[in-house]
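Okay, so here's the structure we're looking at.
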Amino acid sequence: MAASDPFAPSRSPFHCLAPMMVQGKRVVAVPPKSKRRLSIVVPSLLVASAGAIVGGLAIAQDAPESLLPPGFDDPAPAPSPTPAPASPPPTAAPMPAPAPAVAPPDPAGAVAPGSAPGAVPGPFVPPAELSQEELSQIPSLEELEDLSTDQLDDLLGLKPKFDIPPAARRSLSQVGLLAPNEGGMPVQSFARQPPRLVRAALAGTSGPLVSRWGHILLRKTMASRLAAPLGMDPVEFAALRAGVLNSIGEYATARALVQDVDTGNWNGALGDEAMTAFIATADMVGICPLIRLRGVPEETEADQARWVMLSAICNAFAGESARAVSQLDGALNDEIAPAIDVLLARRYAGAAGRGQRGVEIEWEGVDALNPWRFALANAVGEPIPEALLQDIPAYYQRAGATMAMAPLGERADYAARAASEGIFSARAMVDLYSAVYANDGVSGEPNERARQLRTAYIAQDPSARIAAMQSLWLTDQNGDYGAHVLTAYAAARIVPAEAYAANADELIASMLMAGLDRDAAAWAPIVADGSQGWALLALSTAQYGEVTQSALDTFVDNDASEDQRRSRFLIAGLAGLGRINADDLGAFENRLSLNLAKTSRWTQVIEQAGELRNPGLTAMLVGLGMQGESWSQMTPLHLYHIVQSLTRAGLEAEARMIAAEAVARG
């Protein structure tokens, strides 16, 4: 009987990472030649893994308010007065220092607590007799002969927890990639924050953001070298941050973050996020250190299929080719997974070299992709049928855009979403299309876009360059701005002139997608007051000053967006930046039915973070409040508090870019 597909994204591959002791015994699985697994119990020698994690379902939201964790939408109750704590008596003993999150290993020859060095050991106590049931579960000599080296080490308790010496192990006091002097957030951004607040905010950020610049800011925050909140396990903090990165499509960054924690310190949650990141980046061997250290965990039959194939891949790359071939042949014969998944695993394992045979991949009968198939097919250079790539979901576009081994034409198609969401920078887009242009094997729309981009850069006539950019902008639909990101540097090469005033709005919007605010500001004498270009410059230009009521009136009168969303975003952004006086703000709030004074638990918390000038905490709360698939899910109230809090926290540049992006894409 063919097994059901065990590789759906909702499956969690790390249900059984947490070790569990059972009455002083340790349990291990000894895989026989069939699918059946033999459980063996030996007192004091055997190890078992058991545990579970609770997976959450990402639910589509209609508005950012509904995306906040419970309690963030409601105003906080007035705090009751708390009496000041009494001063401790002078003779009070000092509080003991908190224990480290990860205790160092006991040194060799350590003395048991309460014993003095050189103490005479007590009388010998014979071990308790084994029960008949325990004796019956001791493996036979034949079964022991079938065990691999790793299984024997696990059976005898010889497998170490760490694969690196103590002196080389990394501290968990700071985990991350970007130090403050490299553009990261301050190390202590979350150290003094309540763990409950940090946990709720990070766990509640479970989807992409509507803002490209909000995405970039959140990615930088999650990748920063940070200390965990006092009272929170640093590994849990790293797992929550990796989960946020995975949820917004930053799989390569998530992989780098989990690899900054020694594998021996991983818990189940961090292992889950690591598996998601490794598969999304087609790096199947990335999980091998965990498998080699802890072995294959006991799981349900569906999840066990993934682990058997991953174990075989790891064995192949560890030089145990014959064992890998045997495992994958057995998996194919036992039909523990669809044949396409096992065949792709065999092809991947074959890249390790010796003992592997040629594998022919048959897609006939395969009617859907899953992350496993998509990753392995791209990793081994196996073409995916066009029928499976039609209307491909967003997950595969985000993952495929960053896979260097994927076909260039497909990557160019996926890159539009990656650029629009903030995964790709403008320079990364130009590099990708430069490779497309130089590759004679790429044809069709990607090749045409590459040619248009080249014209936008090198044409002698500025009108021809603008025309090439316009042809690219036509590919942006439904608020996507991937083509505007692609042309950002080409737009900055156009010298401002009255002859091109009709194109100023799109040129300015394109430049601001890459943060080229100074180049955009050069168009200020060209754009007319009340135009979209004027609105973008009023928000994005540093030290712009207050705007005039007449210009605002003109913009609102000419706004044809749905529910005058752009006008509402403009007023909210100007108010957050402090560029509109109180009288004009009140008048336009009434005219556009705005209420920027409304409060909720989220608005109160993000305001406090801004007032405390904590950029890391503010950026985390920005990500929490900007979740959604399009700007139609964003509210002017959220935009106002985001821009205001970022400005107070010292992130005015990001606040200006987010405000301008809201008007451009609203």
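Residue numbers start at 1 in each chain; chains themselves are named A, B, ... in the order of the structure tokens; ligands are numbered from 1 in the order shown.
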Show me a table, sorted first by chain and then by increasing residue number, of the residues of stretch 393-452 of chain A having an atom at most 12 Å from stretch 649-663 of chain A, each with its shortest atom pair and the distance in Å to one decimal, counting only C-alpha atoms and written as CSV.
```
residue,atom,partner,partner_atom,distance
A:Ser420,CA,A:Glu661,CA,11.0
A:Glu421,CA,A:Glu661,CA,11.7
A:Gly422,CA,A:Ile658,CA,11.9
```
Just want the 9 Å neighbourhood of A:Pro195, counted on only C-alpha atoms, with same-chain residues fewer than 4 positions away dropped. Output as a PyMOL selection string. chain A and resi 190-191+199-200+228-232
Inset, instruction - Might you pull out every residue within 12 Å of stretch 517-526 of chain A, with only C-alpha atoms counted and same-chain residues fewer than 2 positions away left off, and present them as a ChimeraX atom specification? - result: /A:488-515,528-544,653-654,656-657,660-661
Save the residues we just selected, N, CA and C atoms, as a short mmCIF file (atom, residue, chain, number, x, y, z; two decimals), in the first residue's frame?
```
data_model
loop_
_atom_site.label_atom_id
_atom_site.label_comp_id
_atom_site.auth_asym_id
_atom_site.auth_seq_id
_atom_site.Cartn_x
_atom_site.Cartn_y
_atom_site.Cartn_z
N ALA A 488 15.41 50.69 -9.66
CA ALA A 488 15.71 51.79 -8.72
C ALA A 488 16.97 52.55 -9.12
N TYR A 489 18.06 51.84 -9.40
CA TYR A 489 19.31 52.54 -9.71
C TYR A 489 19.29 53.14 -11.11
N ALA A 490 18.55 52.52 -12.01
CA ALA A 490 18.40 53.12 -13.34
C ALA A 490 17.61 54.42 -13.25
N ALA A 491 16.59 54.45 -12.38
CA ALA A 491 15.81 55.68 -12.20
C ALA A 491 16.67 56.79 -11.61
N ALA A 492 17.58 56.44 -10.72
CA ALA A 492 18.44 57.45 -10.10
C ALA A 492 19.41 58.07 -11.10
N ARG A 493 19.60 57.45 -12.28
CA ARG A 493 20.51 57.97 -13.29
C ARG A 493 19.84 59.00 -14.21
N ILE A 494 18.53 59.17 -14.05
CA ILE A 494 17.82 60.17 -14.85
C ILE A 494 18.00 61.54 -14.19
N VAL A 495 18.55 62.49 -14.92
CA VAL A 495 18.76 63.84 -14.39
C VAL A 495 17.41 64.55 -14.35
N PRO A 496 17.00 65.10 -13.19
CA PRO A 496 15.70 65.79 -13.11
C PRO A 496 15.60 66.91 -14.13
N ALA A 497 14.46 66.93 -14.82
CA ALA A 497 14.22 67.96 -15.84
C ALA A 497 12.73 68.08 -16.05
N GLU A 498 12.30 69.28 -16.44
CA GLU A 498 10.88 69.52 -16.68
C GLU A 498 10.34 68.61 -17.78
N ALA A 499 11.17 68.23 -18.72
CA ALA A 499 10.72 67.38 -19.83
C ALA A 499 10.23 66.02 -19.34
N TYR A 500 10.68 65.60 -18.16
CA TYR A 500 10.30 64.28 -17.65
C TYR A 500 9.40 64.39 -16.42
N ALA A 501 8.78 65.54 -16.22
CA ALA A 501 7.95 65.74 -15.03
C ALA A 501 6.78 64.77 -14.98
N ALA A 502 6.27 64.38 -16.15
CA ALA A 502 5.13 63.45 -16.18
C ALA A 502 5.51 62.07 -15.64
N ASN A 503 6.79 61.75 -15.66
CA ASN A 503 7.25 60.44 -15.16
C ASN A 503 7.84 60.52 -13.76
N ALA A 504 7.78 61.68 -13.15
CA ALA A 504 8.46 61.88 -11.86
C ALA A 504 7.88 60.99 -10.77
N ASP A 505 6.55 60.80 -10.76
CA ASP A 505 5.94 60.01 -9.69
C ASP A 505 6.52 58.59 -9.65
N GLU A 506 6.56 57.93 -10.81
CA GLU A 506 7.05 56.55 -10.86
C GLU A 506 8.56 56.49 -10.63
N LEU A 507 9.29 57.47 -11.15
CA LEU A 507 10.74 57.47 -10.94
C LEU A 507 11.08 57.63 -9.45
N ILE A 508 10.37 58.53 -8.78
CA ILE A 508 10.61 58.73 -7.34
C ILE A 508 10.23 57.48 -6.56
N ALA A 509 9.08 56.89 -6.90
CA ALA A 509 8.66 55.66 -6.21
C ALA A 509 9.69 54.55 -6.39
N SER A 510 10.24 54.42 -7.59
CA SER A 510 11.24 53.39 -7.86
C SER A 510 12.50 53.64 -7.03
N MET A 511 12.97 54.88 -6.99
CA MET A 511 14.18 55.18 -6.21
C MET A 511 13.99 54.89 -4.73
N LEU A 512 12.81 55.21 -4.20
CA LEU A 512 12.57 55.01 -2.77
C LEU A 512 12.46 53.54 -2.41
N MET A 513 12.16 52.66 -3.37
CA MET A 513 12.13 51.23 -3.10
C MET A 513 13.51 50.72 -2.68
N ALA A 514 14.56 51.42 -3.12
CA ALA A 514 15.93 51.05 -2.74
C ALA A 514 16.52 52.02 -1.73
N GLY A 515 15.70 52.94 -1.20
CA GLY A 515 16.19 53.86 -0.19
C GLY A 515 17.03 54.99 -0.73
N ALA A 528 4.92 68.92 -8.90
CA ALA A 528 3.92 69.93 -8.53
C ALA A 528 3.38 69.64 -7.14
N ASP A 529 3.10 70.69 -6.38
CA ASP A 529 2.51 70.52 -5.06
C ASP A 529 1.17 69.78 -5.18
N GLY A 530 1.00 68.79 -4.31
CA GLY A 530 -0.24 68.03 -4.33
C GLY A 530 -0.20 66.81 -5.22
N SER A 531 0.89 66.60 -5.97
CA SER A 531 1.02 65.39 -6.80
C SER A 531 1.51 64.23 -5.94
N GLN A 532 1.49 63.04 -6.53
CA GLN A 532 1.98 61.87 -5.79
C GLN A 532 3.48 61.99 -5.55
N GLY A 533 4.22 62.49 -6.52
CA GLY A 533 5.65 62.69 -6.31
C GLY A 533 5.92 63.64 -5.16
N TRP A 534 5.11 64.71 -5.06
CA TRP A 534 5.26 65.64 -3.94
C TRP A 534 4.99 64.93 -2.62
N ALA A 535 3.95 64.10 -2.56
CA ALA A 535 3.62 63.40 -1.32
C ALA A 535 4.75 62.46 -0.90
N LEU A 536 5.33 61.75 -1.87
CA LEU A 536 6.43 60.84 -1.55
C LEU A 536 7.64 61.60 -1.01
N LEU A 537 7.93 62.76 -1.59
CA LEU A 537 9.06 63.54 -1.11
C LEU A 537 8.76 64.18 0.24
N ALA A 538 7.51 64.57 0.48
CA ALA A 538 7.15 65.15 1.77
C ALA A 538 7.35 64.15 2.90
N LEU A 539 7.22 62.87 2.59
CA LEU A 539 7.40 61.83 3.61
C LEU A 539 8.84 61.33 3.68
N SER A 540 9.52 61.23 2.55
CA SER A 540 10.82 60.55 2.52
C SER A 540 12.01 61.46 2.73
N THR A 541 11.86 62.74 2.45
CA THR A 541 13.00 63.65 2.53
C THR A 541 13.34 63.96 3.98
N ALA A 542 14.60 63.89 4.32
CA ALA A 542 15.03 64.22 5.68
C ALA A 542 14.84 65.71 5.93
N GLN A 543 14.33 66.05 7.12
CA GLN A 543 14.14 67.43 7.55
C GLN A 543 13.35 68.24 6.52
N TYR A 544 12.20 67.70 6.14
CA TYR A 544 11.38 68.36 5.13
C TYR A 544 10.64 69.57 5.68
N ALA A 653 14.96 57.08 9.52
CA ALA A 653 15.13 56.75 8.10
C ALA A 653 14.17 55.63 7.70
N GLU A 654 14.09 54.58 8.52
CA GLU A 654 13.16 53.49 8.23
C GLU A 654 11.71 53.97 8.30
N ARG A 656 10.59 56.97 7.57
CA ARG A 656 10.29 57.73 6.36
C ARG A 656 10.07 56.82 5.16
N MET A 657 10.87 55.77 5.05
CA MET A 657 10.71 54.85 3.91
C MET A 657 9.40 54.08 4.00
N ALA A 660 6.51 56.51 3.05
CA ALA A 660 6.47 56.76 1.61
C ALA A 660 6.00 55.53 0.85
N GLU A 661 6.43 54.36 1.28
CA GLU A 661 6.00 53.13 0.62
C GLU A 661 4.49 52.94 0.75
#
```
Within 7 Å of stretch 578-580 of chain A, counting only C-alpha atoms, which residues show up once you throw out same-chain ones fewer than 5 positions away? Write them as a PyMOL selection string, please. chain A and resi 545-547+585
Any chance you could export the current selection's all heavy atoms as a compact mmCIF listing (two decimals), in the first residue's frame?
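Writing done, so here's part-v2.txt:
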```txt
# COMPACT_ATOMS: atom_id res chain seq x y z
N GLY A 545 10.22 69.52 6.94
CA GLY A 545 9.43 70.60 7.51
C GLY A 545 7.95 70.32 7.35
O GLY A 545 7.53 69.27 6.86
N GLU A 546 7.12 71.29 7.76
CA GLU A 546 5.68 71.10 7.69
C GLU A 546 5.17 71.30 6.27
O GLU A 546 5.71 72.11 5.51
CB GLU A 546 4.96 72.08 8.63
CG GLU A 546 5.11 71.75 10.11
CD GLU A 546 4.21 72.62 10.98
OE1 GLU A 546 3.46 73.45 10.43
OE2 GLU A 546 4.26 72.45 12.21
N VAL A 547 4.13 70.56 5.92
CA VAL A 547 3.51 70.69 4.61
C VAL A 547 2.40 71.74 4.68
O VAL A 547 1.89 72.06 5.76
CB VAL A 547 2.94 69.35 4.14
CG1 VAL A 547 4.03 68.31 4.03
CG2 VAL A 547 1.86 68.85 5.09
N LEU A 585 -4.18 68.66 11.03
CA LEU A 585 -4.39 67.25 11.32
C LEU A 585 -5.83 66.99 11.73
O LEU A 585 -6.48 66.06 11.23
CB LEU A 585 -3.43 66.78 12.43
CG LEU A 585 -3.60 65.33 12.90
CD1 LEU A 585 -3.41 64.35 11.76
CD2 LEU A 585 -2.63 65.03 14.04
```
task: Quick one: everything within 10 Å of stretch 341-352 of chain A, counting only C-alpha atoms, minus sequence neighbours fewer than 2 positions away in the same chain. Send it as an NGL selection string.
output: :A and (5-7 or 284-285 or 305-306 or 308-310 or 312-321 or 324-325 or 327-332 or 335-339 or 354-362 or 370 or 372-377 or 379-382)
*Please give the complete set of residues from stretch 300-527 of chain A that DSSP, run on the backbone, assigns to alpha helix (DSSP H), formatted as a PyMOL selection string.*
chain A and resi 301-317+321-334+339-350+371-379+386-389+394-401+408-421+426-438+445-458+462-473+482-486+488-492+504-513+517-521
Can you pull out the residues contacting stretch 602-613 of chain A? Cut-off 6 Å, using only C-alpha atoms, and skip same-chain residues under 2 positions away; I want them as a CSV table (one decimal) with all heavy atoms, in the first residue's frame.
```
chain,number,residue,atom,x,y,z
A,72,PHE,N,-3.4,42.1,22.8
A,72,PHE,CA,-2.8,43.2,22.1
A,72,PHE,C,-3.8,44.2,21.5
A,72,PHE,O,-3.5,45.3,21.2
A,72,PHE,CB,-1.8,42.8,21.1
A,72,PHE,CG,-0.4,42.5,21.6
A,72,PHE,CD1,-0.1,41.2,22.0
A,72,PHE,CD2,0.5,43.4,21.8
A,72,PHE,CE1,1.1,40.9,22.6
A,72,PHE,CE2,1.8,43.1,22.3
A,72,PHE,CZ,2.0,41.9,22.7
A,599,THR,N,-6.7,53.8,20.9
A,599,THR,CA,-5.6,53.1,21.5
A,599,THR,C,-6.0,51.6,21.7
A,599,THR,O,-7.1,51.2,21.6
A,599,THR,CB,-5.2,53.6,22.9
A,599,THR,OG1,-6.4,53.5,23.8
A,599,THR,CG2,-4.8,55.1,22.9
A,600,SER,N,-5.0,50.8,21.7
A,600,SER,CA,-5.1,49.3,22.0
A,600,SER,C,-3.9,48.9,22.8
A,600,SER,O,-3.0,49.7,23.0
A,600,SER,CB,-5.2,48.5,20.7
A,600,SER,OG,-4.0,48.6,20.0
A,618,THR,N,11.1,48.1,19.4
A,618,THR,CA,10.2,48.8,18.5
A,618,THR,C,10.1,48.1,17.1
A,618,THR,O,9.0,47.9,16.6
A,618,THR,CB,10.7,50.2,18.3
A,618,THR,OG1,10.8,50.9,19.5
A,618,THR,CG2,9.7,51.0,17.4
A,645,SER,N,6.6,55.8,16.5
A,645,SER,CA,7.5,55.0,17.4
A,645,SER,C,8.9,54.8,16.8
A,645,SER,O,9.9,54.9,17.5
A,645,SER,CB,6.8,53.7,17.8
A,645,SER,OG,5.6,53.9,18.4
A,648,ARG,N,10.8,58.1,17.2
A,648,ARG,CA,11.3,58.3,18.6
A,648,ARG,C,12.4,57.3,19.0
A,648,ARG,O,13.3,57.7,19.8
A,648,ARG,CB,10.1,58.1,19.5
A,648,ARG,CG,9.0,59.2,19.4
A,648,ARG,CD,7.9,58.9,20.3
A,648,ARG,NE,6.9,60.0,20.3
A,648,ARG,CZ,5.7,59.9,20.9
A,648,ARG,NH1,5.4,58.8,21.6
A,648,ARG,NH2,4.9,60.9,20.9
A,649,ALA,N,12.4,56.1,18.4
A,649,ALA,CA,13.4,55.1,18.8
A,649,ALA,C,14.7,55.3,18.0
A,649,ALA,O,15.7,54.5,18.2
A,649,ALA,CB,12.9,53.7,18.5
```
A:Tyr457 proximity check over A:Gln397, A:Met469, A:Asn439, A:Ala572, using only C-alpha atoms: winner is A:Met469
- Item | Option closest in space to A:Asp367, from A:Pro383, A:Gly616, A:Asn246, A:Gln390 [counting only C-alpha atoms] |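 Once distances to A:Asp367 are computed over only C-alpha atoms, the minimum belongs to A:Gln390.
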Pairwise distance, atom CA of A:Ser211 with atom CA of A:Ala575, equals 18.8 Å
Practice task
For each of A:Pro180, A:Pro234, A:Gly444, A:Gly264, take the minimum atom-to-atom distance to A:Leu408, counting only C-alpha atoms, then give the residue where this is smallest.
Solution key: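 Going through A:Pro180, A:Pro234, A:Gly444, A:Gly264 one by one, the smallest distance to A:Leu408 is for A:Gly444.
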